[in-house]
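A.B. asks: What follows is a structure written as C-alpha cells; I'll ask about it next.
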Amino acid sequence: MMKTLFTVGRYNHWRNFIKLGMVSLPVPDLEFSRVPGSTFATPGFRSSWWVTLKPELQPKSPKASLVLMYLHGGAFMAGHPLMYKPAYRLWMQQMAEQGIHVRVFAVGYPLAPEHPFPAGLHGVAEAYDWLVAQLGSSEHIILAGDSAGGNLTITGLTYMRDRAAGTVQGPAAQPAAAAAAADTSQQQQGQARPAFHPPLAAIMISPATDFTNSSVFGQGLPEQAQEQLEQQQTQRSATGSAAVGGGSTSSTEQLFHYDYISKGEGDDVIRLYLPQPHDAAGLSDPLVSPMFIANFSSLVRRELLVVTGGCEAMVPDIHRFVARVTQVSPELPA
C-alpha cells in the first residue's frame with residue numbers, strides 16, 4: 001500500500017513538472033482554442049485544445065487540409081495536451097512549407113489512477129467521434145500519439161471498429177455510464193450502433209504495445225526478440241556505434257540503460273492503469289496490449305506509421321508489434 005501511495009505521489013509530481021515546466025513554456029507563432037472537458041460525457045475528461053499556426057504563417061492557397069488528433073504520452077497517468085507545443089509548431093510549419101494546412105486537436109483524455117482502464121480508451125473514442133461530427137467526415141483526420149498515446153491510438157481505433165460491429169469484449173465492453181445510457185437510448189429508438197469512420201492514417205510514436213510477461217517489462221523477452229536484440233548489439237559494436245548498456249548485465253536490462261524509465265516502472269503502470277485485481281488475461285486484452293489485436297484490417301484508410309528510437313527500452317516490443325501487423329494484416333501499409 002505504501003508503495004502504491006508513493007507511486008501515485010510520484011506521478012502527481014510528474015504532472016506538476018510537466019504543467020509548470022513544459023506546458024507553461026511560451027512558444028511563438030501558435031494560437032490556441034480550448035475545448036472544455038465538460039464537452040465530453042466520459043468521466044475525468046480534461047480540457048482539450050485546438051492548436052494552429054498564426055494566419056500569416058499558414059499556406060495562402062493550401063493544396064490540402066488535415067487535422068492531427070494527438071494523444072500525449074505519460075504512462076496513462078501523466079502528461080498534458082499542450083506538452084508538445086514546440087513539436088506541434090514544427091510539424092505544422094513543415095507541412096505549411098509543402099502547401100498543406102494542418103491543425104492539431106490535442107486531447108485531454110482521462111488519466112489513471114483516478115480513472116483507470118478503460119476510461120482513457122472510452123475518452124479517446126468519444127473525442128474522435130466528436131471530431132468527426134465537427135468536421136463532417138474522417139477523411140482528413142490523422143490520429144497520432146506517443147508512448148501511452150501511441151497505445152491508445154491503435155487500441156482506440158480497434159475499439160471503435162469493434163464497437164461498430166458489436167464485438168468488443170472484456171472491461172472495455174462496459175462503457176462509461178453516460179455512454180451506456182446514450183447507447184441504450186439509441187437501441188430503444190431502433191438506431192444502429194455508432195458507426196466507425198477510419199482516419200486517413202495513424203501514427204504511433206514509441207508506443208507501449210505489450211504489458212504481458214513476454215514484454216521488456218515482463219520476465220524476459222521471447223527468444224526471437226532476444227536474438228534480434230543481440231544481433232543489433234553486435235552490429236553496433238562492428239560499426240563502432242555505442243552499444244545499449246554494457247558490462248555483464250543481461251540484454252533485457254541493457255535496454256533500460258539509456259531510457260528514462262526503469263524496468264520496474266512497468267509494474268507500477270500496470271497496477272495503477274488497470275482495475276484491481278487484474279490477472280494475466282487482463283494483460284493480454286488486445287485493448288490493453290495491442291500486440292494481441294487479432295487483425296488490423298480497416299483501421300485506417302491509407303497507412304499506419306510506427307516510429308521508434310534506436311536506444312529506447314521498448315524497441316524489441318515495437319519491432320514485434322510491426323512484425324505482427326504485417327503478418328496478420330499484410331494488406332495494410334505499415
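Residues in the C-alpha cells are named by chain (A, B, ... in the order shown) and by number from 1 within that chain; ligands are numbered from 1 in the order shown.
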Determine, counting only C-alpha atoms, which protein, DNA and RNA residues have an atom within 8 Å of an atom of stretch 284-301 of chain A; residues of the same chain fewer than 4 positions away are not included. Present the result as number ranges by chain.
C.D. replies: A: 139, 151, 154-159, 161, 170, 172, 198-202, 208-212, 280, 320-321, 324-325, 328-329, 331-332
A.B. asks: Taking only C-alpha atoms into account, name the residue in A:Gly79, A:Gly108, A:Pro194, A:Gly74 that is nearest to A:Gly37.
C.D. replies: A:Gly108
A.B. asks: Please measure the separation of atom CA of A:Phe76 and atom CA of A:Tyr273, giving the value in Å to one decimal.
C.D. replies: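 Value for the atom CA of A:Phe76-atom CA of A:Tyr273 distance: 6.6 Å.
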A.B. asks: DSSP on the backbone, strand (DSSP E or B) only: what residues of stretch 4-182 of chain A does that give? Format it as a ChimeraX atom specification.
C.D. replies: /A:30-35,48-53,64-71,100-106,141-146
A.B. asks: Write the residues of the preceding selection, restricted to C-alpha atoms, as a compact mmCIF listing (two decimals), in the first residue's frame.
C.D. replies:
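The file below, out_17.txt, is the result:
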```txt
# COMPACT_ATOMS: atom_id res chain seq x y z
CA LEU A 30 0.80 29.49 -32.24
CA GLU A 31 -2.84 30.18 -31.47
CA PHE A 32 -4.95 28.14 -29.03
CA SER A 33 -8.64 27.43 -28.54
CA ARG A 34 -9.80 25.41 -25.52
CA VAL A 35 -12.41 22.66 -25.67
CA SER A 48 -8.57 19.59 -24.97
CA TRP A 49 -7.06 22.17 -27.29
CA TRP A 50 -7.11 23.28 -30.89
CA VAL A 51 -3.60 24.43 -31.86
CA THR A 52 -2.97 26.33 -35.09
CA LEU A 53 -0.28 28.42 -36.69
CA ALA A 64 -4.81 20.02 -48.74
CA SER A 65 -6.09 20.46 -45.19
CA LEU A 66 -5.54 17.96 -42.38
CA VAL A 67 -6.37 17.64 -38.69
CA LEU A 68 -3.87 15.88 -36.44
CA MET A 69 -5.72 14.45 -33.43
CA TYR A 70 -2.91 13.94 -30.94
CA LEU A 71 -2.82 11.76 -27.82
CA ILE A 100 -0.62 21.72 -46.59
CA HIS A 101 -2.72 23.33 -43.88
CA VAL A 102 -2.67 21.40 -40.59
CA ARG A 103 -4.49 21.94 -37.32
CA VAL A 104 -3.76 19.98 -34.14
CA PHE A 105 -6.54 18.74 -31.89
CA ALA A 106 -4.71 17.79 -28.67
CA ILE A 141 -8.00 13.14 -39.85
CA ILE A 142 -4.65 11.70 -38.83
CA LEU A 143 -4.76 10.03 -35.40
CA ALA A 144 -1.41 10.00 -33.62
CA GLY A 145 0.17 9.61 -30.20
CA ASP A 146 3.34 8.72 -28.35
```
A.B. asks: Would you mind reading off the distance between atom CA of A:Val315 and atom CA of A:Asn213, one decimal, in Å?
C.D. replies: 15.6 Å
A.B. asks: Fewer than 3 positions away in the same chain doesn't count, so skip those; otherwise give me all residues within 8 Å of A:Phe196, counting only C-alpha atoms, as an MDAnalysis selection string.
C.D. replies: chainID A and resid 160:161 163:164
A.B. asks: Between A:Val216, A:Thr326, A:Tyr109, A:Gln94, which residue has the minimum interatomic distance to A:Ile261, considering only C-alpha atoms?
C.D. replies: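 Ranked by minimum distance to A:Ile261, first place goes to A:Val216.
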